[in-house]
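Asks: My structure is stored as work02.tsv, with TSV, C-alpha atoms.
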chain	number	residue	atom	x	y	z
P	1	MET	CA	-69.11	-61.25	-42.04
P	2	PHE	CA	-66.62	-58.52	-42.65
P	3	ASP	CA	-66.26	-57.58	-46.31
P	4	LEU	CA	-63.13	-56.67	-48.26
P	5	THR	CA	-64.90	-53.90	-50.21
P	6	THR	CA	-65.45	-51.96	-46.98
P	7	LEU	CA	-61.70	-51.68	-46.61
P	8	GLN	CA	-61.07	-51.12	-50.31
P	9	ASP	CA	-63.55	-48.22	-50.42
P	10	ARG	CA	-61.74	-46.52	-47.63
P	11	PHE	CA	-58.06	-47.41	-48.15
P	12	GLY	CA	-57.73	-48.11	-51.90
P	13	THR	CA	-57.72	-51.16	-54.08
P	14	ASP	CA	-54.18	-52.32	-53.31
P	15	ILE	CA	-55.62	-54.33	-50.43
P	16	THR	CA	-56.15	-57.88	-51.65
P	17	GLU	CA	-57.71	-60.97	-50.18
P	18	SER	CA	-56.64	-64.60	-50.13
P	19	ILE	CA	-58.63	-67.47	-48.68
P	20	PHE	CA	-57.42	-70.86	-47.48
P	21	ARG	CA	-60.23	-73.02	-46.06
P	22	ASP	CA	-61.84	-70.75	-43.48
P	23	ASN	CA	-58.82	-68.46	-43.09
P	24	ARG	CA	-59.38	-65.07	-44.69
P	25	ARG	CA	-56.25	-63.00	-45.17
P	26	PHE	CA	-56.22	-59.36	-46.22
P	27	ILE	CA	-52.85	-58.34	-47.63
P	28	VAL	CA	-52.15	-54.71	-46.86
P	29	PRO	CA	-49.17	-52.53	-47.84
P	30	SER	CA	-47.00	-51.78	-44.83
P	31	GLU	CA	-47.52	-48.01	-44.93
P	32	LYS	CA	-51.29	-48.48	-44.56
P	33	VAL	CA	-51.35	-51.33	-42.06
P	34	TYR	CA	-51.68	-49.21	-38.93
P	35	PHE	CA	-54.61	-47.25	-40.31
P	36	VAL	CA	-56.36	-50.44	-41.47
P	37	LEU	CA	-55.89	-52.04	-38.06
P	38	GLU	CA	-57.07	-48.91	-36.28
P	39	CYS	CA	-60.17	-48.85	-38.49
P	40	LEU	CA	-60.91	-52.50	-37.73
P	41	TRP	CA	-60.36	-51.92	-34.02
P	42	ARG	CA	-62.50	-48.79	-33.77
P	43	ASP	CA	-65.30	-49.30	-36.28
P	44	HIS	CA	-65.67	-53.04	-36.76
P	45	GLY	CA	-65.36	-54.50	-33.30
P	46	PHE	CA	-62.09	-56.43	-33.61
P	47	ASP	CA	-61.25	-55.95	-29.97
P	48	MET	CA	-58.68	-58.70	-29.52
P	49	LEU	CA	-55.29	-59.26	-31.10
P	50	ALA	CA	-55.02	-63.03	-30.82
P	51	GLU	CA	-51.65	-63.42	-32.50
P	52	LEU	CA	-48.91	-61.30	-33.99
P	53	THR	CA	-46.15	-63.16	-35.74
P	54	ALA	CA	-43.83	-63.05	-38.72
P	55	ALA	CA	-42.34	-65.29	-41.38
P	56	ASP	CA	-39.16	-65.05	-43.42
P	57	TYR	CA	-39.76	-65.65	-47.14
P	58	LEU	CA	-36.10	-65.83	-48.15
P	59	GLU	CA	-35.85	-68.27	-51.09
P	60	TYR	CA	-39.49	-69.16	-50.77
P	61	PRO	CA	-40.77	-70.14	-54.23
P	62	GLY	CA	-42.55	-67.23	-55.83
P	63	ALA	CA	-42.04	-64.81	-52.97
P	64	THR	CA	-40.97	-61.27	-53.84
P	65	GLU	CA	-40.69	-59.72	-50.40
P	66	ARG	CA	-38.59	-60.75	-47.44
P	67	PHE	CA	-40.71	-60.72	-44.29
P	68	GLY	CA	-44.42	-61.20	-43.79
P	69	VAL	CA	-46.01	-59.95	-40.59
P	70	MET	CA	-49.39	-61.39	-39.62
P	71	TYR	CA	-51.98	-59.91	-37.27
P	72	VAL	CA	-54.71	-62.36	-36.27
P	73	LEU	CA	-57.71	-60.38	-35.06
P	74	LEU	CA	-60.76	-61.61	-33.19
P	75	ASN	CA	-64.13	-59.97	-32.77
P	76	SER	CA	-65.12	-61.28	-29.38
P	77	VAL	CA	-68.79	-60.39	-29.88
P	78	SER	CA	-69.42	-62.07	-33.22
P	79	GLY	CA	-66.59	-64.59	-32.97
P	80	GLU	CA	-65.25	-63.59	-36.36
P	81	ARG	CA	-61.56	-63.99	-37.06
P	82	LEU	CA	-59.55	-62.04	-39.59
P	83	ILE	CA	-55.89	-62.11	-40.60
P	84	ILE	CA	-54.16	-58.95	-41.73
P	85	LYS	CA	-50.88	-59.57	-43.47
P	86	THR	CA	-48.22	-57.10	-44.49
P	87	HIS	CA	-44.69	-57.25	-45.87
P	88	VAL	CA	-41.49	-55.50	-44.88
P	89	ASN	CA	-38.03	-55.66	-46.40
P	90	LEU	CA	-34.38	-55.25	-45.54
P	91	PRO	CA	-32.29	-53.27	-44.80
P	92	ASP	CA	-34.48	-51.60	-42.20
P	93	PRO	CA	-37.69	-53.55	-41.59
P	94	GLU	CA	-39.95	-51.34	-39.52
P	95	LEU	CA	-43.65	-51.15	-38.75
P	96	PRO	CA	-45.73	-48.91	-36.51
P	97	SER	CA	-46.49	-50.53	-33.18
P	98	VAL	CA	-50.09	-51.52	-32.50
P	99	TYR	CA	-49.54	-51.38	-28.75
P	100	PRO	CA	-51.87	-48.32	-28.48
P	101	LEU	CA	-54.71	-50.44	-29.93
P	102	TRP	CA	-54.18	-53.79	-28.20
P	103	ARG	CA	-52.09	-54.19	-25.05
P	104	SER	CA	-51.43	-57.81	-26.01
P	105	ALA	CA	-49.13	-56.58	-28.76
P	106	ASP	CA	-46.51	-55.73	-26.15
P	107	TRP	CA	-44.72	-59.08	-25.78
P	108	MET	CA	-45.64	-60.36	-29.24
P	109	GLU	CA	-43.94	-57.39	-30.89
P	110	ARG	CA	-40.94	-57.91	-28.65
P	111	GLU	CA	-40.80	-61.55	-29.75
P	112	VAL	CA	-40.98	-60.64	-33.44
P	113	TYR	CA	-38.25	-58.09	-32.88
P	114	ASP	CA	-36.13	-60.64	-31.02
P	115	MET	CA	-36.44	-63.38	-33.64
P	116	PHE	CA	-36.63	-61.40	-36.91
P	117	GLY	CA	-35.22	-57.96	-36.15
P	118	ILE	CA	-38.35	-56.14	-37.28
P	119	LYS	CA	-38.60	-52.87	-35.37
P	120	PHE	CA	-41.93	-51.54	-34.12
P	121	ALA	CA	-41.91	-47.75	-33.99
P	122	GLY	CA	-43.68	-46.41	-30.92
P	123	HIS	CA	-43.38	-49.57	-28.83
P	124	PRO	CA	-42.87	-48.53	-25.19
P	125	ASP	CA	-40.18	-51.10	-24.36
P	126	LEU	CA	-38.69	-52.79	-27.42
P	127	ARG	CA	-36.13	-55.17	-25.89
P	128	ARG	CA	-35.28	-58.79	-26.57
P	129	ILE	CA	-37.68	-61.12	-24.80
P	130	LEU	CA	-36.29	-64.65	-25.28
P	131	MET	CA	-32.62	-64.34	-26.15
P	132	PRO	CA	-30.17	-62.73	-23.72
P	133	GLU	CA	-29.55	-59.00	-24.00
P	134	GLU	CA	-26.04	-59.37	-25.41
P	135	PHE	CA	-27.22	-61.55	-28.31
P	136	THR	CA	-26.75	-59.68	-31.57
P	137	ALA	CA	-28.26	-61.92	-34.28
P	138	PHE	CA	-31.89	-62.58	-35.18
P	139	PRO	CA	-32.12	-66.37	-35.06
P	140	LEU	CA	-35.34	-67.06	-36.98
P	141	ARG	CA	-34.09	-65.35	-40.12
P	142	LYS	CA	-33.46	-67.94	-42.79
P	143	ASP	CA	-29.91	-66.77	-43.44
P	144	TYR	CA	-28.95	-67.43	-39.80
P	145	PRO	CA	-27.36	-70.89	-39.49
P	146	LEU	CA	-29.26	-73.42	-37.37
P	147	LYS	CA	-26.23	-74.05	-35.16
P	148	GLY	CA	-25.55	-70.39	-34.64
P	149	ARG	CA	-22.44	-68.33	-35.13
P	150	GLY	CA	-20.65	-69.61	-32.03
P	151	GLU	CA	-22.84	-67.93	-29.39
P	152	ARG	CA	-23.36	-71.22	-27.57
P	153	HIS	CA	-19.60	-71.66	-27.14
P	154	ASN	CA	-18.71	-68.20	-25.94
P	155	PHE	CA	-18.30	-68.84	-22.21
P	156	PRO	CA	-15.37	-69.17	-19.79
P	157	VAL	CA	-14.30	-72.76	-19.03
P	158	LEU	CA	-14.16	-73.58	-15.32
P	159	THR	CA	-11.58	-76.18	-14.30
P	160	ARG	CA	-11.92	-78.18	-11.10
P	161	ALA	CA	-8.84	-76.75	-9.43
P	162	GLU	CA	-9.92	-73.12	-9.77
P	163	SER	CA	-13.57	-73.49	-8.84
S	1	MET	CA	-7.27	-107.37	16.36
S	2	ALA	CA	-4.64	-105.00	17.57
S	3	VAL	CA	-3.35	-105.53	21.06
S	4	GLY	CA	-4.86	-103.23	23.69
S	5	LEU	CA	-7.77	-101.93	21.61
S	6	PRO	CA	-11.31	-102.42	22.85
S	7	GLU	CA	-13.63	-104.40	20.59
S	8	ASN	CA	-15.59	-101.53	18.99
S	9	VAL	CA	-12.64	-99.30	18.13
S	10	PHE	CA	-11.25	-99.12	14.57
S	11	LEU	CA	-8.06	-97.64	13.27
S	12	THR	CA	-8.13	-95.74	9.98
S	13	THR	CA	-6.72	-92.67	8.30
S	14	LEU	CA	-8.32	-89.25	8.49
S	15	ASP	CA	-8.72	-89.24	4.70
S	16	ALA	CA	-10.65	-92.49	4.69
S	17	ALA	CA	-12.85	-91.44	7.61
S	18	ALA	CA	-13.71	-88.12	5.98
S	19	SER	CA	-14.39	-89.74	2.63
S	20	TRP	CA	-16.61	-92.35	4.25
S	21	ALA	CA	-18.65	-89.63	5.95
S	22	ARG	CA	-18.90	-87.50	2.83
S	23	ALA	CA	-19.81	-90.37	0.53
S	24	ASN	CA	-22.69	-91.48	2.70
S	25	SER	CA	-24.26	-88.06	3.20
S	26	LEU	CA	-24.28	-86.44	-0.22
S	27	TRP	CA	-26.50	-83.36	-0.39
S	28	PRO	CA	-27.64	-82.96	-3.97
S	29	MET	CA	-28.35	-79.63	-5.61
S	30	PRO	CA	-31.01	-80.39	-8.24
S	31	PHE	CA	-30.45	-78.29	-11.35
S	32	ALA	CA	-33.45	-79.68	-13.20
S	33	THR	CA	-34.37	-77.91	-16.42
S	34	ALA	CA	-36.26	-80.55	-18.41
S	35	CYS	CA	-37.80	-84.03	-18.36
S	36	CYS	CA	-34.73	-85.48	-16.62
S	37	GLY	CA	-35.88	-83.44	-13.63
S	38	ILE	CA	-39.01	-85.57	-13.47
S	39	GLU	CA	-36.89	-88.71	-13.31
S	40	LEU	CA	-34.76	-87.04	-10.66
S	41	MET	CA	-37.91	-86.44	-8.60
S	42	ALA	CA	-38.96	-90.05	-9.16
S	43	THR	CA	-35.56	-91.17	-7.92
S	44	ALA	CA	-36.02	-89.20	-4.73
S	45	ALA	CA	-39.60	-90.37	-4.24
S	46	SER	CA	-40.71	-93.43	-2.33
S	47	ARG	CA	-40.59	-96.09	-5.06
S	48	HIS	CA	-36.89	-95.71	-5.78
S	49	ASP	CA	-35.97	-93.86	-2.59
S	50	MET	CA	-32.62	-92.16	-2.88
S	51	ALA	CA	-32.57	-91.97	0.93
S	52	ARG	CA	-31.32	-95.56	0.96
S	53	PHE	CA	-27.97	-94.15	-0.18
S	54	GLY	CA	-27.95	-91.13	2.12
S	55	ALA	CA	-28.52	-88.62	-0.69
S	56	GLU	CA	-32.11	-87.61	-0.08
S	57	VAL	CA	-31.55	-84.13	1.32
S	58	MET	CA	-32.14	-81.96	-1.74
S	59	ARG	CA	-31.37	-78.38	-0.95
S	60	PHE	CA	-32.29	-75.52	-3.24
S	61	SER	CA	-29.50	-73.32	-1.98
S	62	PRO	CA	-26.16	-74.20	-3.55
S	63	ARG	CA	-24.40	-73.10	-0.38
S	64	GLN	CA	-25.77	-76.13	1.46
S	65	CYS	CA	-24.98	-78.72	-1.20
S	66	ASP	CA	-22.03	-80.78	-2.30
S	67	LEU	CA	-23.39	-82.69	-5.31
S	68	LEU	CA	-24.63	-80.82	-8.36
S	69	ILE	CA	-27.00	-82.89	-10.52
S	70	VAL	CA	-27.47	-81.20	-13.90
S	71	ALA	CA	-30.68	-82.75	-15.22
S	72	GLY	CA	-31.82	-81.51	-18.59
S	73	ARG	CA	-30.75	-79.31	-21.45
S	74	VAL	CA	-28.90	-76.10	-20.60
S	75	ALA	CA	-29.62	-73.14	-22.84
S	76	MET	CA	-26.92	-70.58	-23.53
S	77	LYS	CA	-28.92	-68.10	-21.47
S	78	MET	CA	-28.89	-70.54	-18.53
S	79	LEU	CA	-25.21	-71.50	-18.59
S	80	PRO	CA	-23.95	-68.41	-16.69
S	81	VAL	CA	-26.50	-69.30	-13.98
S	82	LEU	CA	-25.21	-72.88	-13.84
S	83	GLN	CA	-21.61	-71.70	-13.59
S	84	ARG	CA	-22.53	-69.30	-10.83
S	85	ILE	CA	-24.33	-72.04	-8.89
S	86	TRP	CA	-21.31	-74.29	-9.26
S	87	LEU	CA	-19.02	-71.57	-7.95
S	88	GLN	CA	-21.35	-70.92	-5.00
S	89	MET	CA	-21.20	-74.52	-3.77
S	90	PRO	CA	-18.74	-75.07	-0.91
S	91	GLU	CA	-15.83	-77.49	-1.17
S	92	PRO	CA	-15.68	-80.44	-1.47
S	93	LYS	CA	-18.16	-80.75	-4.30
S	94	TRP	CA	-18.93	-83.07	-7.18
S	95	CYS	CA	-21.05	-82.97	-10.31
S	96	ILE	CA	-23.27	-85.51	-12.06
S	97	SER	CA	-24.34	-84.74	-15.62
S	98	MET	CA	-27.67	-86.52	-16.04
S	99	GLY	CA	-29.17	-87.35	-19.42
S	100	ALA	CA	-28.19	-86.98	-23.05
S	101	CYS	CA	-28.86	-83.24	-23.19
S	102	ALA	CA	-26.70	-82.31	-20.22
S	103	CYS	CA	-23.91	-84.61	-21.44
S	104	THR	CA	-23.86	-83.72	-25.15
S	105	GLY	CA	-26.73	-81.43	-26.04
S	106	GLY	CA	-28.77	-84.42	-27.19
S	107	VAL	CA	-31.07	-83.81	-30.11
S	108	PHE	CA	-30.97	-80.06	-29.53
S	109	ASP	CA	-28.07	-79.24	-31.82
S	110	THR	CA	-29.15	-75.60	-32.21
S	111	TYR	CA	-27.80	-72.13	-31.66
S	112	ALA	CA	-29.34	-71.80	-28.21
S	113	VAL	CA	-28.39	-75.08	-26.47
S	114	VAL	CA	-24.98	-75.75	-24.92
S	115	GLN	CA	-23.50	-78.95	-26.36
S	116	GLY	CA	-22.63	-80.59	-23.06
S	117	VAL	CA	-22.12	-78.88	-19.71
S	118	ASP	CA	-18.73	-80.57	-19.38
S	119	ARG	CA	-17.36	-78.01	-21.83
S	120	PHE	CA	-17.79	-75.31	-19.21
S	121	ILE	CA	-17.93	-76.93	-15.76
S	122	PRO	CA	-16.10	-80.01	-14.42
S	123	VAL	CA	-18.20	-83.20	-14.45
S	124	ASP	CA	-17.42	-86.37	-12.45
S	125	ILE	CA	-20.07	-88.85	-13.58
S	126	TYR	CA	-22.08	-88.96	-16.80
S	127	VAL	CA	-25.47	-90.68	-16.90
S	128	PRO	CA	-26.62	-91.54	-20.42
S	129	GLY	CA	-30.26	-91.94	-21.35
S	130	CYS	CA	-33.14	-89.85	-22.60
S	131	PRO	CA	-34.22	-89.57	-19.87
S	132	PRO	CA	-32.24	-92.07	-17.73
S	133	ARG	CA	-34.23	-94.44	-15.57
S	134	PRO	CA	-34.08	-93.84	-11.81
S	135	GLU	CA	-32.00	-97.01	-11.46
S	136	GLN	CA	-29.36	-95.43	-13.68
S	137	LEU	CA	-29.22	-92.34	-11.49
S	138	LEU	CA	-28.96	-94.55	-8.41
S	139	ALA	CA	-26.11	-96.42	-10.07
S	140	ALA	CA	-24.44	-93.09	-10.74
S	141	ILE	CA	-24.79	-92.08	-7.10
S	142	ILE	CA	-23.31	-95.42	-5.97
S	143	GLU	CA	-20.47	-94.92	-8.44
S	144	MET	CA	-20.04	-91.37	-7.09
S	145	GLN	CA	-19.75	-92.81	-3.58
S	146	ARG	CA	-17.13	-95.28	-4.78
S	147	LYS	CA	-15.20	-92.48	-6.43
S	148	ILE	CA	-15.27	-90.38	-3.27
S	149	MET	CA	-14.14	-93.32	-1.13
S	150	ARG	CA	-11.38	-94.17	-3.57
S	151	THR	CA	-9.92	-90.73	-4.25
S	152	GLY	CA	-11.12	-88.50	-1.43
S	153	THR	CA	-8.85	-86.66	0.96
S	154	ILE	CA	-9.79	-84.62	4.00
S	155	ARG	CA	-8.23	-81.44	2.60
S	156	GLY	CA	-9.61	-81.98	-0.89
S	157	SER	CA	-6.17	-82.09	-2.40
S	158	GLU	CA	-7.32	-84.50	-5.13
S	159	PHE	CA	-9.10	-81.55	-6.77
S	160	ALA	CA	-5.97	-79.42	-6.97
S	161	THR	CA	-4.46	-81.68	-9.61
S	162	ARG	CA	-7.40	-81.22	-11.99
S	163	THR	CA	-6.10	-78.01	-13.49
S	164	LYS	CA	-7.23	-78.79	-17.03
S	165	SER	CA	-10.76	-78.92	-18.29
S	166	ASP	CA	-12.14	-82.46	-18.17
S	167	GLY	CA	-14.53	-82.05	-21.06
S	168	PRO	CA	-14.12	-81.49	-24.78
S	169	PRO	CA	-12.94	-78.06	-25.97
S	170	PRO	CA	-15.74	-75.48	-26.25
S	171	PHE	CA	-15.22	-75.37	-30.00
S	172	ASP	CA	-15.07	-78.68	-31.84
S	173	ARG	CA	-13.04	-78.84	-35.00
S	174	ASP	CA	-16.04	-79.87	-37.04
S	175	GLU	CA	-17.97	-77.02	-35.47
S	176	VAL	CA	-15.49	-74.57	-36.98
S	177	ARG	CA	-15.85	-76.31	-40.32
S	178	ARG	CA	-19.64	-76.18	-40.09
S	179	LEU	CA	-19.49	-72.50	-39.23
S	180	GLN	CA	-17.47	-71.85	-42.35
S	181	GLU	CA	-19.98	-73.83	-44.36
S	182	ALA	CA	-22.84	-71.89	-42.84
S	183	ALA	CA	-21.35	-68.53	-43.76
S	184	PRO	CA	-23.51	-66.81	-46.35
S	185	VAL	CA	-22.26	-67.41	-49.89
S	186	PRO	CA	-23.53	-64.87	-52.43
S	187	GLY	CA	-25.53	-66.46	-55.19
S	188	LEU	CA	-25.75	-69.88	-53.55
S	189	GLU	CA	-29.19	-71.45	-53.45
S	190	ILE	CA	-29.86	-72.74	-49.97
S	191	TYR	CA	-33.37	-73.93	-50.76
S	192	THR	CA	-34.17	-75.86	-53.90
S	193	PRO	CA	-37.79	-76.90	-54.22
S	194	PRO	CA	-38.30	-80.59	-54.90
S	195	PRO	CA	-38.84	-81.46	-58.56
S	196	VAL	CA	-42.42	-81.92	-59.68
S	197	VAL	CA	-43.04	-85.50	-60.73
S	198	THR	CA	-45.55	-85.90	-63.54
S	199	GLU	CA	-46.86	-89.28	-64.47
Written as structure tokens, how would this file's structure read?

Replies:
Amino acid sequence: MFDLTTLQDRFGTDITESIFRDNRRFIVPSEKVYFVLECLWRDHGFDMLAELTAADYLEYPGATERFGVMYVLLNSVSGERLIIKTHVNLPDPELPSVYPLWRSADWMEREVYDMFGIKFAGHPDLRRILMPEEFTAFPLRKDYPLKGRGERHNFPVLTRAES
Amino acid sequence: MAVGLPENVFLTTLDAAASWARANSLWPMPFATACCGIELMATAASRHDMARFGAEVMRFSPRQCDLLIVAGRVAMKMLPVLQRIWLQMPEPKWCISMGACACTGGVFDTYAVVQGVDRFIPVDIYVPGCPPRPEQLLAAIIEMQRKIMRTGTIRGSEFATRTKSDGPPPFDRDEVRRLQEAAPVPGLEIYTPPPVVTE
């Protein structure tokens, strides 16, 4: 089982651990996250990125930072799972892309960018993946209203006589 | 019977003859985006058999169809496609809005779902239900046939009078009010955690 002290020896003691049931989360500062992930990928056999997602902690009780980005890693030999979590903040949330490590990061990073507006530096093709290209907001942010800002109404009306 | 006419000859108007032919050979264009599409398939299948009403020839090219059946929710990314399909259909053409989502947006009152296709394309018949039963869709097709027989003309001149949008305005009044309410207010708590109850 992968140990926290291995990471702390190499990257410093500001990496912390939290455990919920059998989920082990390592919380890593955003400027170190790429190097931690690269270390896990190269030296510790985490060869699969099972999930990459984000959460908005606006007005979450006790939260001090805005966005959390989670990388769920899987060691396909030992079956061990590990969650690496990092935080980014406005006004310019940006992380290094992990596309060079895991190809599966391609669409997942695009989805996080589409929904939360978190940029991934070095991603080969960072476009929106779900919303249309001309959409300007980031709909999963908590300060975006559920019913939108009028995007769903912004279309020409066809009458029967002219169509 | 009229004098001088053989027994199997009828007199009628061109409008009525054309409407009779059109009403009994509707070619539906299935625009099925959700679970209503499954009911639409069930309607066309053997148990309910839409062929009994002459509307079984589903064509997946809008250029061969004259009845658009919008079955399912329409996302704001899909609406330009729907409008384009509607414009590609040749005249005369009609539209059935099938199910709660196509009619009003249904339970999906979110930023991405259009709140009723009738805001943006003309709709002739609405079918309520979530999803509607095949019998309801058959009833709508029979009602569509009645409407064609009643109002149809050979040149399609009944469409020329429909110069205004049939549906509600794209922006409801309460929508504007809700938008104002949803605008970010500095210092306003959106989330208040529930109070902790101690016995």

Asks: Give me, as an MDAnalysis selection string, the residues of chain P touching chain S, with the criterion being at most 12 Å (counting all atoms listed in the file).

Replies: chainID P and resid 57:62 129:135 137:140 142:163

Asks: With all atoms listed in the file as the basis for distance, which of S:Cys65, S:Ala100, S:Arg177, S:Ala44 is at the shortest distance from Ser25 of chain S?

Replies: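 Nearest candidate to Ser25 of chain S out of S:Cys65, S:Ala100, S:Arg177, S:Ala44: S:Cys65.
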
Asks: I need the residue nearest Ala55 of chain P from this list: P:Leu7, P:Val36, P:Met1, P:Ile118. Use only C-alpha atoms for the distance.

Replies: P:Ile118

Asks: For Met48 of chain P, work out the shell of residues within 9 Å, counting all atoms listed in the file and skipping chain neighbours fewer than 5 positions away, then give it as a list in words.

Replies: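 That gives Trp41, Val72, Leu73, Leu74, Asn75, Ser76, Trp102 and Ser104 of chain P.
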
Asks: So how far away is atom CA of Met144 of chain S from atom CA of Trp20 of chain S, in Å?

Replies: 11.9 Å

Asks: For Arg24 of chain P, find every residue with an atom within 9 Å (counting only C-alpha atoms), except residues of its own chain fewer than 2 positions away, and show them as a list in words.

Replies: Glu17, Ser18, Ile19, Phe20, Arg21, Asp22, Phe26, Arg81, Leu82, Ile83 and Ile84 of chain P

Asks: Please supply segment 30-41 of chain P, rebuilt with N, CA and C atoms, as a tab-separated table (two decimals), in the frame of the given file.

Replies:
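Wrote it out as part17.tsv, contents follow:
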chain	number	residue	atom	x	y	z
P	30	SER	N	-47.43	-52.06	-46.20
P	30	SER	CA	-47.00	-51.78	-44.83
P	30	SER	C	-47.25	-50.35	-44.41
P	31	GLU	N	-47.30	-49.39	-45.36
P	31	GLU	CA	-47.52	-48.01	-44.93
P	31	GLU	C	-48.98	-47.76	-44.54
P	32	LYS	N	-49.88	-48.67	-44.92
P	32	LYS	CA	-51.29	-48.48	-44.56
P	32	LYS	C	-51.72	-49.36	-43.40
P	33	VAL	N	-50.85	-50.27	-42.93
P	33	VAL	CA	-51.35	-51.33	-42.06
P	33	VAL	C	-51.87	-50.77	-40.73
P	34	TYR	N	-51.21	-49.73	-40.21
P	34	TYR	CA	-51.68	-49.21	-38.93
P	34	TYR	C	-53.07	-48.62	-39.05
P	35	PHE	N	-53.30	-47.90	-40.16
P	35	PHE	CA	-54.61	-47.25	-40.31
P	35	PHE	C	-55.71	-48.29	-40.54
P	36	VAL	N	-55.39	-49.35	-41.27
P	36	VAL	CA	-56.36	-50.44	-41.47
P	36	VAL	C	-56.70	-51.09	-40.14
P	37	LEU	N	-55.65	-51.39	-39.35
P	37	LEU	CA	-55.89	-52.04	-38.06
P	37	LEU	C	-56.67	-51.14	-37.12
P	38	GLU	N	-56.35	-49.85	-37.15
P	38	GLU	CA	-57.07	-48.91	-36.28
P	38	GLU	C	-58.54	-48.85	-36.67
P	39	CYS	N	-58.80	-48.85	-38.00
P	39	CYS	CA	-60.17	-48.85	-38.49
P	39	CYS	C	-60.92	-50.10	-38.04
P	40	LEU	N	-60.27	-51.26	-38.15
P	40	LEU	CA	-60.91	-52.50	-37.73
P	40	LEU	C	-61.17	-52.51	-36.23
P	41	TRP	N	-60.23	-51.94	-35.49
P	41	TRP	CA	-60.36	-51.92	-34.02
P	41	TRP	C	-61.49	-50.99	-33.59
